[in-house]
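Asks: Please find protein.txt (compact mmCIF, C-alpha atoms and all ligand atoms) on the next line:
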# COMPACT_ATOMS: atom_id res chain seq x y z
CA MET A 1 -55.42 -35.27 -93.97
CA GLY A 2 -58.09 -33.64 -96.17
CA SER A 3 -59.42 -30.18 -95.35
CA GLN A 4 -62.91 -31.53 -94.56
CA ALA A 5 -61.42 -33.96 -92.01
CA VAL A 6 -59.49 -31.06 -90.42
CA ARG A 7 -62.66 -28.95 -90.27
CA ASP A 8 -64.56 -31.83 -88.65
CA LEU A 9 -61.83 -32.46 -86.07
CA ARG A 10 -61.70 -28.75 -85.28
CA SER A 11 -65.43 -28.37 -84.87
CA LEU A 12 -65.46 -31.42 -82.60
CA LYS A 13 -62.65 -29.74 -80.59
CA ILE A 14 -60.32 -32.68 -81.07
CA ILE A 15 -57.62 -30.63 -82.79
CA ASP A 16 -56.74 -26.94 -82.95
CA THR A 17 -54.84 -24.78 -85.38
CA CYS A 18 -52.14 -22.35 -84.24
CA PRO A 19 -50.60 -19.41 -86.04
CA GLY A 20 -49.05 -20.59 -89.29
CA ASP A 21 -51.92 -23.11 -89.69
CA ARG A 22 -50.01 -25.73 -87.73
CA LEU A 23 -52.29 -28.54 -86.46
CA ILE A 24 -52.00 -29.53 -82.83
CA ALA A 25 -53.78 -32.07 -80.66
CA ARG A 26 -56.35 -30.54 -78.37
CA LEU A 27 -56.49 -33.48 -75.99
CA ALA A 28 -53.65 -35.46 -74.44
CA VAL A 29 -53.76 -38.97 -72.99
CA ARG A 30 -51.45 -39.37 -70.00
CA HIS A 31 -50.48 -42.37 -67.92
CA VAL A 32 -50.20 -41.24 -64.28
CA LEU A 33 -49.96 -43.46 -61.19
CA GLY A 34 -51.27 -46.47 -63.09
CA LYS A 35 -54.25 -44.62 -64.57
CA VAL A 36 -55.02 -43.48 -68.08
CA LEU A 37 -56.19 -39.86 -68.09
CA VAL A 38 -57.58 -37.80 -70.93
CA THR A 39 -57.24 -34.04 -70.50
CA ASP A 40 -56.52 -30.88 -72.47
CA HIS A 41 -53.18 -30.84 -74.24
CA PRO A 42 -50.71 -28.45 -72.52
CA GLN A 43 -49.79 -26.87 -75.82
CA SER A 44 -53.13 -26.72 -77.49
CA GLY A 45 -53.01 -22.92 -77.35
CA PHE A 46 -56.50 -22.13 -76.06
CA ARG A 47 -55.65 -20.85 -72.60
CA GLY A 48 -57.91 -17.89 -73.21
CA GLU A 49 -60.93 -20.21 -73.30
CA SER A 50 -62.96 -20.32 -70.14
CA LEU A 51 -63.67 -24.09 -70.22
CA ILE A 52 -60.03 -25.20 -70.30
CA VAL A 53 -59.28 -28.36 -68.26
CA ASP A 54 -55.97 -28.43 -66.36
CA PRO A 55 -53.43 -30.31 -68.51
CA LEU A 56 -52.02 -31.93 -65.35
CA TRP A 57 -49.43 -29.35 -64.36
CA GLU A 58 -49.28 -29.95 -60.59
CA GLY A 59 -51.98 -32.60 -60.09
CA PRO A 60 -49.57 -35.57 -60.34
CA ALA A 61 -47.37 -34.14 -57.53
CA LEU A 62 -50.38 -33.63 -55.27
CA ALA A 63 -51.75 -37.09 -56.15
CA ARG A 64 -48.46 -38.67 -55.08
CA LEU A 65 -48.43 -36.87 -51.74
CA MET A 66 -51.90 -37.85 -50.55
CA PRO A 67 -52.05 -39.79 -47.29
CA SER A 68 -53.94 -43.01 -47.91
CA ARG A 69 -55.69 -43.93 -44.68
CA ARG A 70 -59.05 -45.61 -45.15
CA ARG A 71 -61.73 -42.91 -45.52
CA ARG A 72 -65.51 -42.99 -45.69
CA LEU A 73 -66.23 -39.91 -47.81
CA SER A 74 -63.66 -37.74 -49.63
CA LEU A 75 -64.03 -34.57 -51.68
CA ASP A 76 -61.96 -33.40 -54.64
CA LEU A 77 -62.78 -29.72 -55.24
CA GLY A 78 -61.95 -28.42 -58.71
CA THR A 79 -61.48 -31.94 -60.00
CA GLY A 80 -60.42 -31.03 -63.56
CA CYS A 81 -59.85 -34.30 -65.41
CA GLY A 82 -60.39 -36.19 -62.14
CA ILE A 83 -56.82 -37.22 -61.33
CA LEU A 84 -57.10 -36.58 -57.57
CA ALA A 85 -60.60 -38.05 -57.26
CA LEU A 86 -59.53 -41.28 -58.96
CA GLN A 87 -56.58 -41.53 -56.58
CA LEU A 88 -58.80 -40.87 -53.52
CA ALA A 89 -61.14 -43.61 -54.80
CA GLN A 90 -58.53 -46.22 -53.88
CA TRP A 91 -58.94 -45.72 -50.12
CA SER A 92 -62.32 -43.96 -49.82
CA ASP A 93 -65.68 -45.73 -49.70
CA HIS A 94 -66.99 -42.91 -51.84
CA VAL A 95 -65.56 -39.78 -53.48
CA ILE A 96 -67.33 -36.65 -54.66
CA ALA A 97 -65.49 -34.95 -57.50
CA SER A 98 -66.74 -31.45 -58.16
CA ASP A 99 -65.94 -28.60 -60.48
CA ILE A 100 -67.60 -25.43 -61.69
CA ASN A 101 -66.60 -26.33 -65.26
CA PRO A 102 -68.99 -28.79 -66.96
CA ARG A 103 -66.32 -29.72 -69.50
CA ALA A 104 -64.02 -30.83 -66.64
CA LEU A 105 -66.81 -32.97 -65.16
CA ALA A 106 -67.39 -34.67 -68.52
CA MET A 107 -63.65 -35.35 -68.81
CA GLY A 108 -63.55 -36.71 -65.25
CA GLU A 109 -66.48 -39.06 -65.87
CA LEU A 110 -64.80 -40.32 -69.02
CA ASN A 111 -61.60 -40.98 -67.06
CA ALA A 112 -63.45 -42.80 -64.28
CA ARG A 113 -65.00 -45.09 -66.91
CA LEU A 114 -61.71 -45.59 -68.74
CA ASN A 115 -60.18 -46.78 -65.48
CA SER A 116 -63.22 -48.85 -64.36
CA ILE A 117 -63.62 -46.78 -61.18
CA ASP A 118 -67.22 -46.66 -59.96
CA ASN A 119 -67.12 -45.08 -56.48
CA VAL A 120 -66.77 -41.47 -57.67
CA SER A 121 -69.73 -39.12 -58.28
CA PHE A 122 -69.20 -35.99 -60.38
CA VAL A 123 -71.13 -32.93 -59.18
CA GLN A 124 -71.13 -29.39 -60.56
CA SER A 125 -70.54 -26.89 -57.77
CA ASP A 126 -69.00 -23.52 -57.04
CA LEU A 127 -66.65 -24.63 -54.23
CA PHE A 128 -68.77 -26.05 -51.36
CA GLU A 129 -72.06 -24.57 -52.58
CA ALA A 130 -73.68 -27.91 -53.50
CA PHE A 131 -72.50 -29.57 -50.26
CA ARG A 132 -74.34 -27.70 -47.51
CA GLY A 133 -74.19 -29.71 -44.28
CA GLN A 134 -71.95 -32.44 -45.72
CA ILE A 135 -68.83 -33.57 -43.82
CA PHE A 136 -65.79 -35.10 -45.54
CA ASP A 137 -62.88 -37.12 -44.16
CA GLN A 138 -60.38 -35.93 -46.75
CA ILE A 139 -60.56 -32.80 -48.91
CA VAL A 140 -58.18 -31.99 -51.75
CA PHE A 141 -58.11 -28.75 -53.73
CA ASN A 142 -55.59 -28.10 -56.47
CA ALA A 143 -56.51 -24.42 -56.34
CA PRO A 144 -56.93 -22.43 -59.55
CA VAL A 145 -54.49 -19.77 -58.42
CA GLY A 146 -51.29 -18.71 -60.16
CA THR A 147 -49.29 -15.51 -60.13
CA GLU A 148 -52.16 -13.59 -61.76
CA PHE A 149 -53.30 -10.28 -60.32
CA ARG A 150 -56.39 -10.27 -62.49
CA PRO A 151 -58.01 -13.67 -63.20
CA ARG A 152 -58.65 -14.46 -66.89
CA HIS A 153 -60.23 -17.92 -66.78
CA MET A 154 -61.16 -20.82 -64.49
CA LEU A 155 -57.56 -21.77 -63.80
CA GLU A 156 -56.79 -18.25 -62.52
CA ALA A 157 -59.31 -17.45 -59.81
CA GLY A 158 -57.00 -15.29 -57.66
CA GLU A 159 -56.84 -15.04 -53.87
CA ALA A 160 -60.61 -14.61 -53.55
CA ILE A 161 -61.10 -18.34 -54.14
CA LEU A 162 -58.67 -19.20 -51.35
CA GLU A 163 -60.54 -16.91 -48.96
CA ALA A 164 -63.86 -18.56 -49.88
CA PHE A 165 -62.30 -22.03 -49.52
CA PHE A 166 -60.79 -21.40 -46.07
CA ASN A 167 -63.99 -19.72 -44.84
CA ALA A 168 -66.07 -22.78 -45.66
CA MET A 169 -63.61 -25.65 -45.20
CA PRO A 170 -63.82 -26.01 -41.35
CA HIS A 171 -67.60 -26.57 -41.63
CA HIS A 172 -67.07 -29.53 -44.00
CA LEU A 173 -64.12 -31.36 -42.46
CA ALA A 174 -64.50 -34.30 -40.08
CA GLU A 175 -62.69 -33.92 -36.75
CA THR A 176 -59.93 -36.30 -37.82
CA GLY A 177 -59.98 -35.10 -41.42
CA VAL A 178 -57.10 -33.89 -43.55
CA VAL A 179 -56.98 -31.16 -46.20
CA GLN A 180 -54.44 -30.74 -48.98
CA LEU A 181 -54.08 -27.86 -51.41
CA ASN A 182 -51.75 -26.93 -54.18
CA LEU A 183 -51.67 -23.15 -54.07
CA CYS A 184 -49.86 -19.99 -55.02
CA PHE A 185 -49.98 -16.99 -52.70
CA ARG A 186 -48.57 -13.56 -51.99
CA ASP A 187 -47.03 -12.13 -48.88
CA TRP A 188 -47.53 -8.38 -48.52
CA PRO A 189 -45.26 -6.25 -46.34
CA GLY A 190 -46.48 -6.79 -42.76
CA ASP A 191 -49.30 -9.10 -43.93
CA PRO A 192 -48.10 -12.65 -44.64
CA PHE A 193 -50.52 -15.04 -46.34
CA VAL A 194 -50.57 -17.35 -43.31
CA THR A 195 -52.01 -14.60 -41.12
CA ARG A 196 -54.79 -14.00 -43.63
CA MET A 197 -55.39 -17.75 -43.94
CA ARG A 198 -55.81 -18.09 -40.16
CA SER A 199 -58.29 -15.21 -40.12
CA TRP A 200 -60.30 -16.82 -42.96
CA ILE A 201 -60.42 -20.15 -41.08
CA GLY A 202 -61.57 -18.20 -38.03
CA PRO A 203 -62.00 -19.59 -34.54
CA THR A 204 -62.80 -23.32 -34.63
CA ASP A 205 -63.18 -25.91 -31.88
CA HIS A 206 -59.80 -27.36 -32.81
CA ALA A 207 -56.98 -25.28 -34.22
CA PHE A 208 -55.35 -26.30 -37.48
CA GLY A 209 -51.70 -27.13 -38.01
CA ALA A 210 -50.22 -26.73 -41.48
CA VAL A 211 -47.13 -27.85 -43.37
CA LEU A 212 -46.25 -26.17 -46.65
CA LEU A 213 -43.86 -28.00 -48.97
CA ARG A 214 -42.73 -25.00 -50.94
CA LEU A 215 -41.80 -25.48 -54.57
CA TRP A 216 -40.53 -21.93 -54.95
CA ARG A 217 -40.59 -18.50 -53.40
CA ARG A 218 -39.77 -15.34 -55.32
CA SER A 219 -38.92 -12.17 -53.52
CA SER A 220 -36.22 -10.81 -55.78
CA GLY A 221 -34.74 -11.36 -59.20
CA PRO A 222 -35.80 -10.45 -62.73
CA ARG A 223 -38.75 -12.86 -62.90
CA PHE A 224 -40.26 -11.51 -59.69
CA PHE A 225 -39.96 -7.92 -60.86
CA LEU A 226 -41.48 -8.85 -64.21
CA GLU A 227 -44.43 -10.43 -62.39
CA LYS A 228 -44.80 -7.29 -60.27
CA ALA A 229 -44.65 -5.07 -63.35
CA LEU A 230 -47.30 -7.18 -65.10
CA GLY A 231 -49.32 -6.96 -61.91
CA VAL A 232 -49.31 -3.17 -62.13
CA LEU A 233 -50.61 -3.36 -65.68
CA ARG A 234 -53.37 -5.75 -64.67
CA ALA A 235 -54.35 -4.57 -61.22
CA GLY A 236 -53.01 -1.06 -60.65
CA PRO A 237 -50.03 0.30 -58.69
CA GLU A 238 -50.98 -1.22 -55.32
CA ALA A 239 -49.88 -4.59 -56.73
CA LEU A 240 -46.29 -3.35 -56.50
CA SER A 241 -46.24 -3.56 -52.73
CA CYS A 242 -46.40 -7.39 -52.84
CA SER A 243 -43.19 -8.63 -51.16
CA ALA A 244 -43.00 -12.30 -52.26
CA ILE A 245 -44.90 -14.93 -54.22
CA SER A 246 -44.73 -18.61 -53.23
CA ARG A 247 -46.08 -21.86 -54.64
CA GLY A 248 -46.37 -25.18 -52.87
CA ILE A 249 -48.47 -28.03 -51.49
CA MET A 250 -50.08 -27.37 -48.12
CA THR A 251 -51.43 -30.04 -45.77
CA LEU A 252 -53.74 -29.07 -42.90
CA ALA A 253 -55.16 -31.11 -40.06
CA ARG A 254 -56.46 -30.33 -36.60
CA SER A 255 -53.60 -30.10 -34.16
CA PRO A 256 -53.02 -29.61 -30.43
CA LEU A 257 -50.42 -26.96 -31.37
CA PRO A 258 -51.47 -24.80 -34.30
CA THR A 259 -48.02 -24.81 -35.91
CA HIS A 260 -47.15 -23.69 -39.40
CA SER A 261 -44.01 -25.06 -41.09
CA GLU A 262 -42.61 -24.20 -44.47
CA ILE A 263 -40.09 -26.58 -46.03
CA ASP A 264 -38.36 -26.01 -49.37
CA VAL A 265 -38.49 -29.02 -51.70
CA ASN A 266 -38.34 -29.71 -55.38
CA TYR A 267 -41.41 -31.81 -55.91
CA HIS A 268 -40.94 -31.95 -59.65
CA GLN A 269 -38.14 -34.40 -58.90
CA TRP A 270 -39.98 -36.55 -56.42
CA PRO A 271 -39.16 -40.24 -56.55
CA PRO A 272 -41.82 -42.88 -57.22
CA GLN A 273 -45.17 -43.05 -55.55
CA ALA A 274 -44.38 -45.35 -52.62
CA THR A 275 -41.85 -42.95 -51.09
CA THR A 276 -44.00 -39.84 -51.42
CA ARG A 277 -47.08 -41.62 -50.07
CA HIS A 278 -44.96 -42.31 -46.99
CA LEU A 279 -44.19 -38.57 -46.89
CA GLY A 280 -47.90 -37.69 -47.05
CA GLU A 281 -48.56 -39.83 -43.95
CA ALA A 282 -45.47 -38.42 -42.18
CA ILE A 283 -46.72 -34.85 -42.74
CA VAL A 284 -50.10 -35.63 -41.21
CA ALA A 285 -48.42 -37.36 -38.23
CA ALA A 286 -46.15 -34.31 -37.75
CA ILE A 287 -49.17 -31.99 -37.69
CA GLU A 288 -51.20 -34.21 -35.39
CA THR A 289 -48.40 -34.45 -32.83
CA GLY A 290 -47.24 -30.86 -33.31
CA ALA A 291 -43.62 -31.91 -34.01
CA ASP A 292 -42.05 -31.51 -37.40
CA GLU A 293 -38.35 -32.31 -36.67
CA ASN A 294 -38.92 -35.88 -37.86
CA LEU A 295 -40.43 -34.53 -41.03
CA ARG A 296 -37.43 -32.38 -41.83
CA GLY A 297 -35.21 -35.44 -41.17
CA LEU A 298 -37.36 -37.55 -43.49
CA ILE A 299 -37.21 -34.97 -46.27
CA GLY A 300 -33.44 -34.68 -45.89
CA SER A 301 -33.08 -38.47 -46.09
CA MET A 302 -35.14 -38.90 -49.23
CA GLY A 303 -32.32 -38.41 -51.69
CA ARG A 304 -33.78 -36.59 -54.64
CA LEU A 305 -36.27 -34.89 -52.36
CA ASN A 306 -33.48 -32.82 -50.83
CA PRO A 307 -34.46 -29.33 -49.80
CA ILE A 308 -33.52 -26.75 -52.44
C1 LIG A 401 -55.64 -26.13 -61.05
S1 LIG A 401 -57.08 -26.93 -61.66
C2 LIG A 401 -56.94 -28.52 -60.89
C3 LIG A 401 -57.54 -29.63 -61.69
C4 LIG A 401 -57.26 -31.04 -61.15
N1 LIG A 401 -57.77 -31.18 -59.81
C5 LIG A 401 -55.79 -31.37 -61.20
O1 LIG A 401 -55.20 -31.54 -60.12
O2 LIG A 401 -55.24 -31.49 -62.30
C6 LIG A 401 -58.36 -26.11 -60.75
C7 LIG A 401 -59.77 -26.54 -61.06
O3 LIG A 401 -60.67 -25.74 -60.27
C8 LIG A 401 -61.82 -25.49 -61.04
N2 LIG A 401 -62.50 -24.31 -60.48
C9 LIG A 401 -62.26 -23.00 -60.72
N3 LIG A 401 -63.09 -22.23 -60.00
C10 LIG A 401 -63.88 -23.08 -59.27
C11 LIG A 401 -64.94 -22.89 -58.34
N4 LIG A 401 -65.35 -21.68 -57.98
N5 LIG A 401 -65.53 -23.98 -57.80
C12 LIG A 401 -65.12 -25.24 -58.16
N6 LIG A 401 -64.13 -25.47 -59.03
C13 LIG A 401 -63.50 -24.41 -59.59
C14 LIG A 401 -61.31 -25.29 -62.46
O4 LIG A 401 -62.33 -25.49 -63.40
C15 LIG A 401 -60.21 -26.37 -62.50
O5 LIG A 401 -60.71 -27.59 -62.97
Any chance you could put this one into structure tokens?
Ligand SMILES: C[S@@+](CC[C@H](N)C(=O)[O-])C[C@H]1O[C@@H](n2cnc3c(N)ncnc32)[C@H](O)[C@@H]1O
Replies:
Amino acid sequence: MGSQAVRDLRSLKIIDTCPGDRLIARLAVRHVLGKVLVTDHPQSGFRGESLIVDPLWEGPALARLMPSRRRRLSLDLGTGCGILALQLAQWSDHVIASDINPRALAMGELNARLNSIDNVSFVQSDLFEAFRGQIFDQIVFNAPVGTEFRPRHMLEAGEAILEAFFNAMPHHLAETGVVQLNLCFRDWPGDPFVTRMRSWIGPTDHAFGAVLLRLWRRSSGPRFFLEKALGVLRAGPEALSCSAISRGIMTLARSPLPTHSEIDVNYHQWPPQATTRHLGEAIVAAIETGADENLRGLIGSMGRLNPI
């Protein structure tokens, strides 16, 4: 490839160069759940850029877990390349896909067109800001929260974004609605995340039940201590008192018994879509009836979905 062509592709942000002048693709085209999705390439080396679009790290797992009851209006917050919105479009009359990042919205619109999906609107919004007074039947939020103590870009918004989400969410969810998040959170000594989450949700007419399928929890070991040490560098010594960091997919729905279950799974090894879709429905049923024994049985019986 001539140097002018490389310059053109770089200025159009189609390719990047890494140290050593190696050329790498900036965008990747993925085939997920029967859809073609264009998004940023996971190795394109520009994580420091604020307009990065999620290269589909955890989105496919969340997309496969979504319960698929018929819905009128659904919301995908932080839509990125649109993977969750395009999935919701299959059983929703209409979907609103929103993001604070205009580059993500452009990518999402492109993906909707590529897949001939026309019941999704893309709206720029900081969380629920653009949706005052609107009620949704299903809300999904692959939250931009990792193990960071000090956010660096739009995929690392820290716990503050979870607090803002849980504060607003009850005012936007239909009575029979369901919420799913992919999230990472910290437990502090004497102050588990779930207690903070309940205080953010606040008193509502109907309590919420929640099931967390936990991908991992770190409370000891070299990696955890490294994360703590990095935390001190980024956020000061108080970060050291954090007692565990967990990541997982959480489902919430209104429940007669406001239970909270945590189940260890390895969702990177989930079997094909049909089985996990069944799991998504089973989780909602477990929350709505306040009984999760069946759920644990189901997870145990799903072969490769064995608890870890
Ligand atoms: C982890 S990515 C998820 C992307 C996509 N939903 C997926 O599953 O692949 C989180 C998304 O949240 C967006 N985001 C960050 N802060 C936001 C905010 N305050 N309001 C709305 N979206 C936000 C980011 O731009 C990013 O697209």
Asks: Just checking: using only C-alpha atoms and all ligand atoms, which residue out of A:Arg72, A:Arg277, A:Arg234, A:Arg103 ends up closest to ligand LIG 401 (chain A)?
Replies: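 Among A:Arg72, A:Arg277, A:Arg234, A:Arg103, it is A:Arg103 that comes nearest to ligand LIG 401 (chain A).
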Asks: Mind pulling up the distance from atom CA of A:Gln90 to atom CA of A:Ser125?
Replies: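 Atom CA of A:Gln90 lies at a distance of 23.1 Å from atom CA of A:Ser125.
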Asks: Can you measure atom C12 of ligand LIG 401 (chain A) to atom CA of A:Leu226 for me? One decimal in Å is fine.
Replies: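 The value is 29.4 Å.
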Asks: Stretch 104-219 of chain A near stretch 237-260 of chain A within 9 Å: what's each residue's closest atom pair and its distance in Å to one decimal, counting all atoms listed in the file, ordered by chain then ascending residue number, as CSV?
Replies:
residue,atom,partner,partner_atom,distance
A:Asn142,CA,A:Ile249,CA,8.7
A:Gly146,CA,A:Arg247,CA,8.2
A:Thr147,CA,A:Ile245,CA,7.4
A:Phe149,CA,A:Ala239,CA,7.5
A:Glu175,CA,A:Arg254,CA,7.2
A:Thr176,CA,A:Arg254,CA,7.0
A:Gly177,CA,A:Ala253,CA,6.4
A:Val178,CA,A:Ala253,CA,4.9
A:Val179,CA,A:Leu252,CA,5.1
A:Gln180,CA,A:Thr251,CA,4.5
A:Leu181,CA,A:Met250,CA,5.2
A:Asn182,CA,A:Ile249,CA,4.4
A:Leu183,CA,A:Arg247,CA,5.8
A:Cys184,CA,A:Arg247,CA,4.2
A:Phe185,CA,A:Ser246,CA,5.5
A:Arg186,CA,A:Ile245,CA,4.5
A:Asp187,CA,A:Ala244,CA,5.3
A:Trp188,CA,A:Cys242,CA,4.6
A:Pro189,CA,A:Ser243,CA,5.8
A:Val194,CA,A:His260,CA,8.2
A:His206,CA,A:Arg254,CA,5.9
A:Ala207,CA,A:Pro258,CA,5.5
A:Phe208,CA,A:Arg254,CA,4.3
A:Gly209,CA,A:Pro258,CA,4.4
A:Ala210,CA,A:Leu252,CA,4.5
A:Val211,CA,A:Thr251,CA,5.4
A:Leu212,CA,A:Met250,CA,4.3
A:Leu213,CA,A:Ile249,CA,5.3
A:Arg214,CA,A:Gly248,CA,4.1
A:Leu215,CA,A:Gly248,CA,4.9
A:Trp216,CA,A:Arg247,CA,5.6
A:Arg217,CA,A:Ser246,CA,4.1
A:Arg218,CA,A:Ile245,CA,5.3
A:Ser219,CA,A:Ala244,CA,4.3
Asks: Can you work out which one of A:Leu155, A:Ile201, A:Val38, A:Val284 has the shortest atom-to-atom distance to A:Pro170, counting only C-alpha atoms?
Replies: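 Checking each of A:Leu155, A:Ile201, A:Val38, A:Val284 against A:Pro170, counting only C-alpha atoms, the winner is A:Ile201.
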Asks: Can you tell me how far atom CA of A:Ile14 sits from atom CA of A:Leu88, in Å to one decimal?
Replies: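 Distance between the two atoms: 28.8 Å.
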Asks: Ligand LIG 401 (chain A): which residues are within 8 Å, counting only C-alpha atoms and all ligand atoms, as a PyMOL selection string?
Replies: chain A and resi 51-60+62-63+76-85+98-101+104+124-128+141-145+154-157+161+182
Asks: Residues at most 8 Å from stretch 25-34 of chain A, counting only C-alpha atoms, excluding those fewer than 4 positions away in the same chain, as a PyMOL selection string?
Replies: chain A and resi 13-16+38-44+55+60+64+273
Asks: With only C-alpha atoms as the basis for distance, which of A:Leu12, A:Ala286, A:Asn167, A:Ser116 is at the shortest distance from A:Thr204?
Replies: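 Checking each of A:Leu12, A:Ala286, A:Asn167, A:Ser116 against A:Thr204, counting only C-alpha atoms, the winner is A:Asn167.
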Asks: List every protein, DNA or RNA residue that has at least one atom no more than 6 Å from (-69.4, -32.0, -47.3) in the file's coordinates, counting all atoms listed in the file, and write the result as a list of chain:residue names.
Replies: A:Phe131, A:Gln134, A:Ile135, A:Phe136, A:His172
Asks: Using only C-alpha atoms, pick whichever of A:Arg296, A:His171, A:Arg22, A:Arg10 has the shortest atom-to-atom distance to A:Asp137.
Replies: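 Between A:Arg296, A:His171, A:Arg22, A:Arg10, the residue approaching A:Asp137 most closely is A:His171.
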Asks: From the block you just saw, export stretch 198-209 of chain A: N, CA and C atoms, as a CSV table (one decimal), in the first residue's frame.
Replies:
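decode.csv, freshly written:
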chain,number,residue,atom,x,y,z
A,198,ARG,N,-29.5,-0.4,46.8
A,198,ARG,CA,-30.8,-0.3,47.3
A,198,ARG,C,-31.1,1.1,47.8
A,199,SER,N,-30.1,1.8,48.4
A,199,SER,CA,-30.3,3.2,48.8
A,199,SER,C,-30.4,4.1,47.6
A,200,TRP,N,-29.7,3.8,46.5
A,200,TRP,CA,-29.9,4.7,45.3
A,200,TRP,C,-31.3,4.5,44.7
A,201,ILE,N,-31.7,3.2,44.7
A,201,ILE,CA,-33.1,3.0,44.1
A,201,ILE,C,-34.1,3.7,45.0
A,202,GLY,N,-33.9,3.7,46.3
A,202,GLY,CA,-34.8,4.4,47.2
A,202,GLY,C,-36.1,3.7,47.4
A,203,PRO,N,-37.0,4.3,48.2
A,203,PRO,CA,-38.3,3.6,48.4
A,203,PRO,C,-39.1,3.8,47.1
A,204,THR,N,-39.7,2.7,46.7
A,204,THR,CA,-40.5,2.7,45.5
A,204,THR,C,-41.8,2.0,45.9
A,205,ASP,N,-42.9,2.1,45.0
A,205,ASP,CA,-44.1,1.5,45.3
A,205,ASP,C,-44.0,0.0,45.4
A,206,HIS,N,-43.1,-0.6,44.5
A,206,HIS,CA,-42.9,-2.0,44.5
A,206,HIS,C,-41.4,-2.2,44.7
A,207,ALA,N,-41.0,-3.1,45.6
A,207,ALA,CA,-39.6,-3.4,45.8
A,207,ALA,C,-39.0,-4.1,44.6
A,208,PHE,N,-37.7,-4.0,44.4
A,208,PHE,CA,-37.1,-4.7,43.3
A,208,PHE,C,-36.4,-6.0,43.8
A,209,GLY,N,-36.5,-7.1,43.0
A,209,GLY,CA,-35.7,-8.3,43.3
A,209,GLY,C,-34.5,-8.3,42.2
